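Q: What follows is work23.csv, made up of CSV, C-alpha atoms and all ligand atoms:
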chain,number,residue,atom,x,y,z
A,1,MET,CA,9.0,54.2,6.1
A,2,GLN,CA,12.8,54.5,6.8
A,3,GLY,CA,13.9,56.9,9.5
A,4,MET,CA,10.4,57.6,10.8
A,5,SER,CA,9.9,58.0,14.6
A,6,ARG,CA,7.2,55.9,16.1
A,7,ALA,CA,6.0,57.3,19.4
A,8,ASN,CA,4.7,54.7,21.7
A,9,THR,CA,1.8,56.8,23.1
A,10,ARG,CA,0.0,55.8,26.3
A,11,MET,CA,-2.0,59.0,26.6
A,12,LEU,CA,-4.2,59.0,23.5
A,13,ALA,CA,-4.4,62.2,21.5
A,14,SER,CA,-7.9,63.5,21.2
A,15,GLY,CA,-9.6,61.6,18.4
A,16,ALA,CA,-12.5,59.1,18.4
A,17,LYS,CA,-15.4,60.1,20.5
A,18,ASN,CA,-16.1,56.6,21.7
A,19,ILE,CA,-12.5,55.7,22.7
A,20,ALA,CA,-13.3,55.3,26.4
A,21,ASP,CA,-16.1,52.9,25.7
A,22,ILE,CA,-13.9,50.9,23.3
A,23,GLN,CA,-11.1,50.6,25.8
A,24,ALA,CA,-13.5,49.5,28.5
A,25,GLU,CA,-15.1,46.8,26.3
A,26,TYR,CA,-11.9,45.4,24.9
A,27,ALA,CA,-10.0,45.5,28.2
A,28,VAL,CA,-12.6,42.8,29.2
A,29,GLN,CA,-12.7,40.9,25.9
A,30,ALA,CA,-8.8,40.8,25.5
A,31,GLU,CA,-8.2,37.6,27.4
A,32,THR,CA,-10.7,35.5,25.4
A,33,PHE,CA,-10.9,37.4,22.2
A,34,GLU,CA,-8.7,35.3,20.1
A,35,ALA,CA,-9.0,31.9,21.7
A,36,GLY,CA,-12.8,32.3,21.7
A,37,TRP,CA,-12.8,33.1,18.0
A,38,ASN,CA,-12.3,29.6,16.9
A,39,LYS,CA,-15.1,28.5,19.2
A,40,ARG,CA,-17.7,31.0,18.0
A,41,SER,CA,-16.8,31.0,14.3
A,42,ILE,CA,-17.2,28.1,11.8
A,43,GLY,CA,-14.4,29.6,9.6
A,44,LYS,CA,-11.2,29.5,11.6
A,45,ASN,CA,-9.0,32.5,11.8
A,46,GLY,CA,-6.2,31.0,9.7
A,47,ASP,CA,-8.7,30.2,6.8
A,48,ILE,CA,-10.2,33.7,6.9
A,49,MET,CA,-6.8,35.4,6.8
A,50,LYS,CA,-5.7,33.1,3.9
A,51,ARG,CA,-8.6,34.6,1.9
A,52,VAL,CA,-7.7,38.1,2.9
A,53,MET,CA,-4.0,37.7,2.1
A,54,SER,CA,-4.8,36.2,-1.3
A,55,HIS,CA,-6.8,39.3,-2.1
A,56,ILE,CA,-4.0,41.6,-0.9
A,57,GLU,CA,-1.5,39.7,-3.0
A,58,THR,CA,-3.7,40.2,-6.1
A,59,LEU,CA,-4.0,43.9,-5.4
A,60,VAL,CA,-0.4,44.8,-4.6
A,61,GLY,CA,0.9,42.6,-7.5
A,62,GLU,CA,4.7,42.5,-7.9
A,63,GLN,CA,5.5,44.7,-4.9
A,64,ASP,CA,7.4,43.4,-1.9
A,65,GLN,CA,9.4,44.8,1.0
A,66,LEU,CA,6.2,46.6,2.0
A,67,HIS,CA,6.0,48.7,5.2
A,68,VAL,CA,2.6,47.9,6.6
A,69,LEU,CA,0.3,49.4,9.2
A,70,ASP,CA,-2.6,47.3,10.7
A,71,VAL,CA,-5.0,49.8,12.3
A,72,ALA,CA,-7.1,48.6,15.3
A,73,CYS,CA,-5.0,45.4,15.2
A,74,GLY,CA,-6.4,44.0,18.5
A,75,THR,CA,-4.5,40.8,19.5
A,76,GLY,CA,-2.7,40.9,16.1
A,77,ILE,CA,-4.5,38.2,14.1
A,78,CYS,CA,-4.2,40.2,10.8
A,79,THR,CA,-0.9,41.8,11.8
A,80,ARG,CA,0.8,38.3,12.2
A,81,ALA,CA,-0.7,37.1,8.9
A,82,LEU,CA,0.8,40.2,7.2
A,83,ALA,CA,4.2,39.6,8.9
A,84,ALA,CA,4.2,36.0,7.7
A,85,SER,CA,3.7,37.1,4.1
A,86,ALA,CA,6.7,37.3,1.7
A,87,LEU,CA,5.4,40.8,0.7
A,88,THR,CA,6.3,42.6,3.9
A,89,ALA,CA,9.5,44.1,5.3
A,90,GLU,CA,8.0,45.6,8.4
A,91,VAL,CA,4.6,45.5,10.1
A,92,THR,CA,3.2,47.9,12.8
A,93,GLY,CA,0.0,47.1,14.7
A,94,LEU,CA,-1.8,50.0,16.3
A,95,ASP,CA,-4.7,49.7,18.8
A,96,ALA,CA,-6.4,51.8,21.4
A,97,THR,CA,-6.6,49.1,24.0
A,98,GLU,CA,-3.5,48.2,25.9
A,99,GLN,CA,-4.9,44.8,27.1
A,100,MET,CA,-5.4,43.7,23.4
A,101,LEU,CA,-1.8,44.8,22.6
A,102,SER,CA,-0.4,42.9,25.6
A,103,LYS,CA,-2.1,39.8,24.3
A,104,ALA,CA,-0.6,40.5,20.9
A,105,ARG,CA,2.9,41.0,22.3
A,106,GLU,CA,2.5,37.8,24.4
A,107,THR,CA,1.6,35.7,21.4
A,108,GLU,CA,4.5,37.2,19.4
A,109,ALA,CA,6.9,36.4,22.2
A,110,GLU,CA,5.7,32.8,22.4
A,111,ALA,CA,5.9,32.2,18.6
A,112,GLU,CA,8.8,30.2,17.3
A,113,PRO,CA,11.2,32.6,15.5
A,114,THR,CA,11.2,32.0,11.8
A,115,LEU,CA,14.2,32.7,9.7
A,116,GLY,CA,13.8,36.0,7.8
A,117,GLN,CA,10.5,36.8,9.5
A,118,THR,CA,9.2,40.4,9.1
A,119,SER,CA,9.6,42.5,12.3
A,120,VAL,CA,6.4,43.5,14.1
A,121,THR,CA,6.0,46.5,16.4
A,122,TYR,CA,2.8,47.1,18.4
A,123,VAL,CA,1.9,50.7,19.3
A,124,GLN,CA,-0.9,52.0,21.4
A,125,GLY,CA,-2.9,54.8,19.7
A,126,ASP,CA,-6.1,56.1,18.4
A,127,GLY,CA,-6.9,55.3,14.8
A,128,ALA,CA,-8.5,58.8,14.5
A,129,ALA,CA,-5.2,60.6,15.4
A,130,MET,CA,-2.3,58.2,14.6
A,131,PRO,CA,1.2,58.9,15.9
A,132,PHE,CA,2.9,58.5,12.5
A,133,PRO,CA,4.1,61.0,9.9
A,134,ASP,CA,2.4,61.4,6.6
A,135,ALA,CA,3.1,58.8,3.9
A,136,SER,CA,4.8,56.3,6.3
A,137,PHE,CA,3.4,53.0,5.0
A,138,ASP,CA,2.9,51.2,1.6
A,139,LEU,CA,-0.1,49.3,2.8
A,140,VAL,CA,-2.6,50.2,5.6
A,141,THR,CA,-5.1,47.5,6.7
A,142,CYS,CA,-8.0,47.6,9.1
A,143,ARG,CA,-9.9,44.4,9.9
A,144,LEU,CA,-13.2,44.2,11.9
A,145,ALA,CA,-12.9,47.7,13.3
A,146,ILE,CA,-14.9,50.0,11.0
A,147,HIS,CA,-18.0,48.9,12.8
A,148,HIS,CA,-16.6,50.1,16.1
A,149,PHE,CA,-15.6,53.6,15.0
A,150,ALA,CA,-18.0,56.4,15.9
A,151,ASP,CA,-17.2,58.3,12.8
A,152,PRO,CA,-15.2,56.0,10.6
A,153,LEU,CA,-14.4,58.6,8.0
A,154,GLU,CA,-12.0,60.1,10.6
A,155,GLN,CA,-10.0,56.9,10.8
A,156,VAL,CA,-10.1,56.2,7.1
A,157,LYS,CA,-8.8,59.8,6.4
A,158,GLU,CA,-6.0,59.1,8.9
A,159,MET,CA,-5.3,55.8,7.1
A,160,ALA,CA,-5.1,57.7,3.8
A,161,ARG,CA,-2.8,60.3,5.4
A,162,VAL,CA,-0.2,57.8,6.6
A,163,CYS,CA,-0.4,55.8,3.4
A,164,ALA,CA,2.4,56.6,0.9
A,165,PRO,CA,1.4,57.8,-2.6
A,166,GLY,CA,0.9,54.7,-4.8
A,167,GLY,CA,0.1,52.7,-1.7
A,168,THR,CA,-3.1,50.8,-0.7
A,169,VAL,CA,-5.6,51.2,2.1
A,170,LEU,CA,-7.6,47.9,2.7
A,171,LEU,CA,-10.8,47.7,4.7
A,172,VAL,CA,-11.9,44.2,5.9
A,173,ASP,CA,-15.2,44.2,7.7
A,174,ILE,CA,-18.6,42.5,8.1
A,175,VAL,CA,-21.3,44.3,6.2
A,176,SER,CA,-25.0,44.9,6.7
A,177,PRO,CA,-27.7,44.2,4.0
A,178,THR,CA,-28.4,47.0,1.6
A,179,ASP,CA,-32.1,47.2,2.7
A,180,PRO,CA,-32.1,50.1,5.3
A,181,ALA,CA,-34.7,48.5,7.6
A,182,THR,CA,-32.9,45.2,7.7
A,183,ALA,CA,-29.6,46.9,8.1
A,184,ALA,CA,-31.0,48.9,11.1
A,185,ARG,CA,-32.2,45.6,12.7
A,186,HIS,CA,-28.9,43.9,12.1
A,187,ASN,CA,-27.0,46.8,13.7
A,188,GLU,CA,-29.4,46.9,16.6
A,189,LEU,CA,-28.8,43.2,17.4
A,190,GLU,CA,-25.0,43.6,17.1
A,191,ALA,CA,-25.1,46.6,19.4
A,192,MET,CA,-27.3,44.8,21.9
A,193,ARG,CA,-24.6,42.0,22.1
A,194,ASP,CA,-21.6,44.4,22.2
A,195,PRO,CA,-22.2,48.0,23.2
A,196,SER,CA,-19.0,49.1,21.5
A,197,HIS,CA,-20.6,48.2,18.1
A,198,THR,CA,-21.5,51.4,16.1
A,199,GLU,CA,-22.5,50.5,12.6
A,200,CYS,CA,-21.8,47.9,9.9
A,201,LYS,CA,-21.7,49.6,6.5
A,202,ASP,CA,-22.9,48.0,3.3
A,203,THR,CA,-20.6,47.7,0.2
A,204,ALA,CA,-21.5,51.2,-0.9
A,205,GLY,CA,-20.8,52.6,2.6
A,206,LEU,CA,-17.3,51.1,2.7
A,207,VAL,CA,-16.6,52.4,-0.8
A,208,ALA,CA,-17.9,55.9,0.2
A,209,LEU,CA,-15.5,55.9,3.1
A,210,LEU,CA,-12.6,55.2,0.9
A,211,HIS,CA,-13.7,57.8,-1.7
A,212,GLY,CA,-14.4,60.3,1.1
A,213,ALA,CA,-10.8,59.9,2.2
A,214,GLY,CA,-9.6,60.8,-1.3
A,215,LEU,CA,-8.7,57.2,-2.3
A,216,ASN,CA,-9.6,55.4,-5.6
A,217,LEU,CA,-10.7,51.8,-5.8
A,218,HIS,CA,-8.1,49.6,-7.5
A,219,THR,CA,-9.0,49.6,-11.2
A,220,HIS,CA,-7.5,46.4,-12.5
A,221,THR,CA,-10.2,43.8,-12.3
A,222,VAL,CA,-9.6,40.8,-10.2
A,223,ALA,CA,-11.2,37.8,-11.9
A,224,GLY,CA,-13.3,35.5,-9.8
A,225,GLY,CA,-11.3,32.5,-8.7
A,226,GLU,CA,-8.0,34.4,-8.9
A,227,ALA,CA,-8.2,34.8,-5.1
A,228,ASP,CA,-10.0,32.6,-2.7
A,229,GLY,CA,-13.3,34.5,-2.5
A,230,GLU,CA,-16.2,35.7,-4.6
A,231,TYR,CA,-16.2,38.7,-6.9
A,232,ASP,CA,-19.2,40.4,-8.4
A,233,ASN,CA,-17.4,42.8,-10.7
A,234,GLU,CA,-20.7,43.9,-12.3
A,235,THR,CA,-21.6,46.1,-9.3
A,236,VAL,CA,-18.4,47.3,-7.6
A,237,PRO,CA,-15.1,46.0,-9.0
A,238,ASN,CA,-12.6,44.2,-6.8
A,239,VAL,CA,-14.7,43.8,-3.7
A,240,MET,CA,-14.0,40.3,-2.3
A,241,ARG,CA,-16.9,38.7,-0.4
A,242,PHE,CA,-17.3,35.6,1.6
A,243,ASP,CA,-19.7,34.3,4.2
A,244,ASN,CA,-18.7,33.0,7.6
A,245,GLY,CA,-21.0,31.1,9.9
A,246,MET,CA,-21.0,31.9,13.7
A,247,PHE,CA,-22.5,29.8,16.5
A,248,VAL,CA,-25.1,32.1,18.2
A,249,ASP,CA,-24.5,31.0,21.8
A,250,GLN,CA,-20.7,31.1,21.7
A,251,TRP,CA,-20.9,34.5,20.0
A,252,LEU,CA,-23.0,35.9,22.8
A,253,GLU,CA,-20.8,34.2,25.4
A,254,SER,CA,-17.6,35.8,24.1
A,255,THR,CA,-18.9,39.3,24.9
A,256,ARG,CA,-20.4,38.3,28.2
A,257,THR,CA,-23.7,39.8,27.0
A,258,PRO,CA,-26.2,40.0,29.9
A,259,ALA,CA,-28.8,37.2,30.0
A,260,GLU,CA,-31.8,39.3,29.1
A,261,ALA,CA,-30.2,40.8,26.0
A,262,ARG,CA,-28.9,37.3,25.0
A,263,GLU,CA,-32.4,35.9,25.1
A,264,ALA,CA,-33.8,38.8,23.1
A,265,ILE,CA,-31.1,38.5,20.4
A,266,ARG,CA,-31.4,34.7,20.2
A,267,ASP,CA,-35.2,34.9,20.0
A,268,GLN,CA,-35.0,37.3,17.0
A,269,ILE,CA,-32.5,35.2,15.1
A,270,HIS,CA,-34.5,32.0,15.8
A,271,ALA,CA,-37.7,33.8,14.8
A,272,GLU,CA,-36.2,34.6,11.4
A,273,PHE,CA,-35.0,31.0,11.0
A,274,ALA,CA,-38.6,29.9,11.7
A,275,GLY,CA,-39.8,32.1,8.8
A,276,GLY,CA,-40.1,35.5,10.6
A,277,ALA,CA,-38.9,38.9,9.7
A,278,ALA,CA,-35.4,39.4,8.3
A,279,THR,CA,-32.8,40.5,10.9
A,280,GLY,CA,-29.8,40.7,8.5
A,281,MET,CA,-28.3,37.7,10.4
A,282,PHE,CA,-29.0,35.0,7.8
A,283,PRO,CA,-29.7,32.3,10.4
A,284,PHE,CA,-29.3,28.5,9.8
A,285,VAL,CA,-28.7,25.4,11.9
A,286,ASP,CA,-25.6,23.2,11.6
A,287,ASP,CA,-25.6,19.4,11.2
A,288,PHE,CA,-25.9,19.0,15.0
A,289,GLY,CA,-29.0,21.3,15.2
A,290,GLU,CA,-27.1,24.3,16.7
A,291,LEU,CA,-28.4,27.7,15.8
A,292,CYS,CA,-26.0,29.7,13.8
A,293,PHE,CA,-26.0,32.9,11.8
A,294,THR,CA,-23.9,34.4,8.9
A,295,HIS,CA,-21.5,37.2,8.9
A,296,LYS,CA,-21.0,38.7,5.4
A,297,TRP,CA,-17.4,39.7,5.0
A,298,GLU,CA,-16.1,42.2,2.5
A,299,VAL,CA,-12.5,43.1,1.6
A,300,VAL,CA,-12.2,46.4,-0.3
A,301,GLY,CA,-8.9,48.0,-1.3
A,302,ALA,CA,-8.2,51.5,-2.6
A,303,ARG,CA,-5.1,53.3,-3.9
A,304,LYS,CA,-3.7,56.6,-2.9
A,305,GLU,CA,-2.8,58.2,-6.1
A,306,GLU,CA,0.5,59.9,-6.6
A,307,GLU,CA,0.4,63.7,-7.0
A,308,LYS,CA,0.6,64.8,-10.6
A,309,GLU,CA,4.0,66.4,-10.1
A,310,GLU,CA,5.3,63.1,-8.5
A,311,VAL,CA,4.1,61.1,-11.5
A,312,GLN,CA,5.6,63.6,-14.0
A,313,GLN,CA,8.9,63.6,-12.1
A,314,ARG,CA,9.0,59.8,-12.1
A,315,GLN,CA,8.1,59.6,-15.7
A,316,ALA,CA,10.9,62.1,-16.6
A,317,GLN,CA,13.5,59.6,-15.2
A,318,ILE,CA,15.4,57.6,-17.7
A,319,ASN,CA,16.9,55.1,-15.2
A,320,GLU,CA,14.2,53.1,-13.5
A,321,THR,CA,16.1,50.4,-11.7
A,322,ILE,CA,19.9,50.6,-11.9
A,323,GLN,CA,21.8,51.5,-8.6
A,324,LYS,CA,19.0,53.8,-7.5
A,325,ASP,CA,20.6,54.1,-4.1
A,326,LYS,CA,23.4,56.1,-5.6
A,327,ASP,CA,23.4,59.8,-6.6
A,328,ARG,CA,25.2,59.0,-9.9
A,329,VAL,CA,25.8,55.8,-11.7
A,330,VAL,CA,29.5,55.8,-12.8
A,331,ASP,CA,31.3,52.8,-14.2
A,332,GLU,CA,35.0,52.7,-15.1
A,333,LEU,CA,36.1,50.0,-17.5
A,334,VAL,CA,39.6,49.1,-18.4
A,335,LEU,CA,39.8,47.1,-21.7
A,336,GLU,CA,42.7,44.9,-22.4
A,337,GLU,CA,44.5,45.2,-25.7
A,338,GLY,CA,42.3,43.9,-28.5
A,339,LYS,CA,39.3,43.3,-26.3
A,340,LYS,CA,35.8,44.6,-27.0
A,341,ALA,CA,32.8,45.6,-24.7
A,342,VAL,CA,29.1,46.0,-25.7
A,343,LEU,CA,27.8,48.7,-23.4
A,344,CYS,CA,24.1,49.4,-22.6
A,345,ARG,CA,22.7,52.8,-23.5
A,346,CYS,CA,19.0,52.0,-22.8
A,347,TRP,CA,19.3,51.8,-19.0
A,348,LYS,CA,17.4,48.5,-19.0
A,349,SER,CA,20.1,45.9,-18.9
A,350,ALA,CA,20.2,43.5,-15.9
A,351,LYS,CA,24.0,43.3,-16.6
A,352,PHE,CA,24.5,47.1,-16.7
A,353,PRO,CA,26.9,48.6,-17.8
A,354,TYR,CA,27.0,45.8,-20.3
A,355,CYS,CA,24.1,45.2,-22.8
A,356,ASP,CA,22.1,42.1,-22.2
A,357,GLY,CA,19.7,42.6,-25.2
A,358,ALA,CA,17.0,44.3,-23.1
A,359,HIS,CA,16.9,47.1,-25.7
A,360,VAL,CA,15.3,44.7,-28.2
A,361,ALA,CA,12.1,44.3,-26.1
A,362,HIS,CA,12.0,48.0,-25.5
A,363,ASN,CA,12.3,48.8,-29.2
A,364,LYS,CA,9.6,46.3,-30.0
A,365,ALA,CA,7.2,47.7,-27.4
A,366,THR,CA,7.7,51.4,-28.2
A,367,GLY,CA,9.0,51.6,-31.8
A,368,ASP,CA,12.2,53.1,-30.4
A,369,ASN,CA,15.6,52.6,-32.0
A,370,LEU,CA,18.0,52.2,-29.0
A,371,GLY,CA,21.1,50.0,-29.2
A,372,PRO,CA,24.4,49.4,-27.4
A,373,ALA,CA,27.7,51.2,-27.8
A,374,ILE,CA,30.5,48.9,-28.8
A,375,VAL,CA,33.9,50.0,-27.6
A,376,SER,CA,37.2,48.3,-28.3
A,377,ALA,CA,40.8,48.7,-27.3
A,378,LYS,CA,43.3,48.9,-30.1
A,379,LYS,CA,45.6,46.0,-30.6
B,1,LIG,C1,-13.2,43.5,16.9
B,1,LIG,S1,-11.6,44.0,17.4
B,1,LIG,C2,-10.7,43.6,15.9
B,1,LIG,C3,-9.2,43.4,16.2
B,1,LIG,C4,-8.4,42.9,15.0
B,1,LIG,N1,-8.4,43.9,14.0
B,1,LIG,C5,-8.9,41.6,14.4
B,1,LIG,O1,-9.3,41.6,13.3
B,1,LIG,O2,-8.9,40.6,15.1
B,1,LIG,C6,-11.7,45.7,17.4
B,1,LIG,C7,-10.5,46.4,17.8
B,1,LIG,O3,-10.6,47.8,17.4
B,1,LIG,C8,-9.9,48.6,18.4
B,1,LIG,N2,-10.4,50.0,18.3
B,1,LIG,C9,-11.6,50.4,18.2
B,1,LIG,N3,-11.6,51.8,18.0
B,1,LIG,C10,-10.3,52.2,17.9
B,1,LIG,C11,-9.7,53.4,17.6
B,1,LIG,N4,-10.4,54.5,17.5
B,1,LIG,N5,-8.3,53.4,17.6
B,1,LIG,C12,-7.6,52.3,17.7
B,1,LIG,N6,-8.2,51.1,18.0
B,1,LIG,C13,-9.5,51.0,18.0
B,1,LIG,C14,-10.3,47.9,19.7
B,1,LIG,O4,-9.5,48.2,20.8
B,1,LIG,C15,-10.2,46.4,19.3
B,1,LIG,O5,-9.0,45.9,19.6
B,2,LIG,S1,20.4,46.3,-23.0
B,2,LIG,FE1,20.6,48.4,-23.1
B,2,LIG,S2,21.4,48.8,-25.0
B,2,LIG,FE2,21.2,46.7,-25.0
Could you quickly redo this structure as structure tokens?

A:
Amino acid sequence: MQGMSRANTRMLASGAKNIADIQAEYAVQAETFEAGWNKRSIGKNGDIMKRVMSHIETLVGEQDQLHVLDVACGTGICTRALAASALTAEVTGLDATEQMLSKARETEAEAEPTLGQTSVTYVQGDGAAMPFPDASFDLVTCRLAIHHFADPLEQVKEMARVCAPGGTVLLVDIVSPTDPATAARHNELEAMRDPSHTECKDTAGLVALLHGAGLNLHTHTVAGGEADGEYDNETVPNVMRFDNGMFVDQWLESTRTPAEAREAIRDQIHAEFAGGAATGMFPFVDDFGELCFTHKWEVVGARKEEEKEEVQQRQAQINETIQKDKDRVVDELVLEEGKKAVLCRCWKSAKFPYCDGAHVAHNKATGDNLGPAIVSAKK
């Protein structure tokens, strides 16, 4: 957060094993990645990010002025949605591929400046060895990249490291079916199309990554309908799910997949549509007879717990909100002859140092007996 130095690394520190493959693939995809999205996807980027942001809002609740990191930000689709939210004070996008970041900066520069808009910084770096100090961000997001990491636990541990205690790490990705054979077929087809694809996890796999990085799933239950997606709180609480249809041919075009592989992938998806073996692609045809398949999206957030000592220290504080930027809260009052002042002693008044009656709610909630000090100047 404040005062941190953000190195703009060009040479990537040693980290992800597949970083060279990633950079080679996305250097090629950069130009068309974002423009092509709205051609290959039935759900437009704006609609998808609306769902994701509504889930973030329910998870972070009342907080605002958040310092946010978007890991593997690509051309900044998620980064920009975060920056446009009233929740954020500052957003950093990190990606390994300079060409994706150039596109992100270009889009940023072309956008109309909006009053009060959150500042955005793009940094080149490896998600497995990020150039940020510990506990630098309140919210760390990662969209559509877990399935490109060779060993995603490395990146998720890094996300947990740079997340501040009390902050949230949020994974947004497409998932494979839980049946291992279908999941293997699904990942095989995805990798045939894009060689930088490693593995889509299932829900349990995403949760295991967060737990493996020492994070805990958010415990307050998000009711279905509260955010714009589906929740099945019976299995894993607070995982938001939604389906997004993709046009098979446009999807294969966007990665410039060689003709032979294209045909093989298309055949398998079509075979499933015609009643054949499950591929994990959930095929269908649209109203115009075009072959499509379904990406199953999941959004899973987890909290970085505060250390016990930090919680104890915070709980020991009497003053939670008043003039916290000062070392000491000191007020000097001069009362005119015959005047009276009702002074707050509960440290909860919005009109501090004067009592605004906030002690009443506190006493009711806790059984305490706090009250103001009434001082008066002699006549
Ligand atoms: C499918 S794109 C997703 C981009 C963006 N998050 C979005 O949702 O549009 C995957 C991105 O992950 C980046 N990437 C993959 N491995 C990475 C790593 N180890 N460190 C940083 N970025 C990585 C790639 O450069 C690419 O921009
Ligand atoms: S509001 Fe604090 S004592 Fe009344």

Q: Take CA of His197 in chain A and CA of Arg241 in chain A and report the distance between them in Å, one decimal.

A: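 So the two atoms, CA of His197 in chain A and CA of Arg241 in chain A, lie 21.1 Å apart.
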
Q: Could you give me, as number ranges by chain, the residues within 9 Å of range 87-102 of chain A, counting all atoms listed in the file and dropping anything in the same chain fewer than 2 positions from it?

A: A: 1, 10, 12, 19, 22-24, 26-31, 33, 57, 60, 62-76, 78-80, 82-85, 104-107, 117-127, 130

Q: Please compute the CA of Ala213 in chain A-CA of Glu298 in chain A distance, one decimal, in Å.

A: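 Answer for the CA of Ala213 in chain A to CA of Glu298 in chain A separation: 18.5 Å.
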
Q: Go ahead and compute the interatomic distance for CA of Gln317 in chain A and CA of Lys348 in chain A, in Å to one decimal.

A: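 One can read the CA of Gln317 in chain A to CA of Lys348 in chain A distance as 12.4 Å.
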
Q: List the spatial neighbours of Asn216 in chain A as a VMD selection string - criterion: any atom at most 7 Å away, only C-alpha atoms, same-chain residues fewer than 6 positions off excluded.

A: chain A and resid 302 to 304

Q: Could you pull range 45-88 of chain A out of the block above and give me C-alpha atoms, as a short mmCIF file (atom, residue, chain, number, x, y, z; two decimals), in the first residue's frame?

A:
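Written out: out38.cif:
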data_model
loop_
_atom_site.label_atom_id
_atom_site.label_comp_id
_atom_site.auth_asym_id
_atom_site.auth_seq_id
_atom_site.Cartn_x
_atom_site.Cartn_y
_atom_site.Cartn_z
CA ASN A 45 -16.70 -8.91 -21.58
CA GLY A 46 -18.67 -6.11 -19.94
CA ASP A 47 -21.43 -8.53 -18.83
CA ILE A 48 -18.95 -11.08 -17.49
CA MET A 49 -17.10 -8.44 -15.49
CA LYS A 50 -20.41 -7.12 -14.13
CA ARG A 51 -21.04 -10.55 -12.59
CA VAL A 52 -17.49 -10.78 -11.22
CA MET A 53 -17.62 -7.27 -9.74
CA SER A 54 -20.99 -7.95 -8.10
CA HIS A 55 -19.43 -10.95 -6.35
CA ILE A 56 -16.41 -8.90 -5.27
CA GLU A 57 -18.74 -6.26 -3.83
CA THR A 58 -20.59 -8.86 -1.74
CA LEU A 59 -17.30 -10.29 -0.46
CA VAL A 60 -15.50 -7.09 0.50
CA GLY A 61 -18.67 -5.56 1.95
CA GLU A 62 -18.32 -2.08 3.35
CA GLN A 63 -14.62 -1.60 2.54
CA ASP A 64 -13.48 0.98 0.01
CA GLN A 65 -10.24 2.74 -0.92
CA LEU A 66 -8.87 -0.69 -1.75
CA HIS A 67 -5.37 -1.17 -3.14
CA VAL A 68 -5.77 -3.91 -5.71
CA LEU A 69 -3.46 -6.17 -7.71
CA ASP A 70 -4.71 -7.98 -10.83
CA VAL A 71 -2.30 -10.88 -11.50
CA ALA A 72 -1.77 -11.98 -15.14
CA CYS A 73 -3.87 -8.99 -16.14
CA GLY A 74 -3.29 -9.40 -19.89
CA THR A 75 -4.79 -6.46 -21.78
CA GLY A 76 -6.45 -5.20 -18.58
CA ILE A 77 -10.08 -6.36 -18.96
CA CYS A 78 -10.43 -7.16 -15.24
CA THR A 79 -7.99 -4.39 -14.20
CA ARG A 80 -10.13 -1.70 -15.83
CA ALA A 81 -13.37 -3.06 -14.30
CA LEU A 82 -11.70 -2.93 -10.88
CA ALA A 83 -10.49 0.63 -11.52
CA ALA A 84 -14.00 1.70 -12.52
CA SER A 85 -15.42 0.43 -9.22
CA ALA A 86 -16.10 2.80 -6.34
CA LEU A 87 -14.34 0.27 -4.07
CA THR A 88 -10.83 0.94 -5.32
#
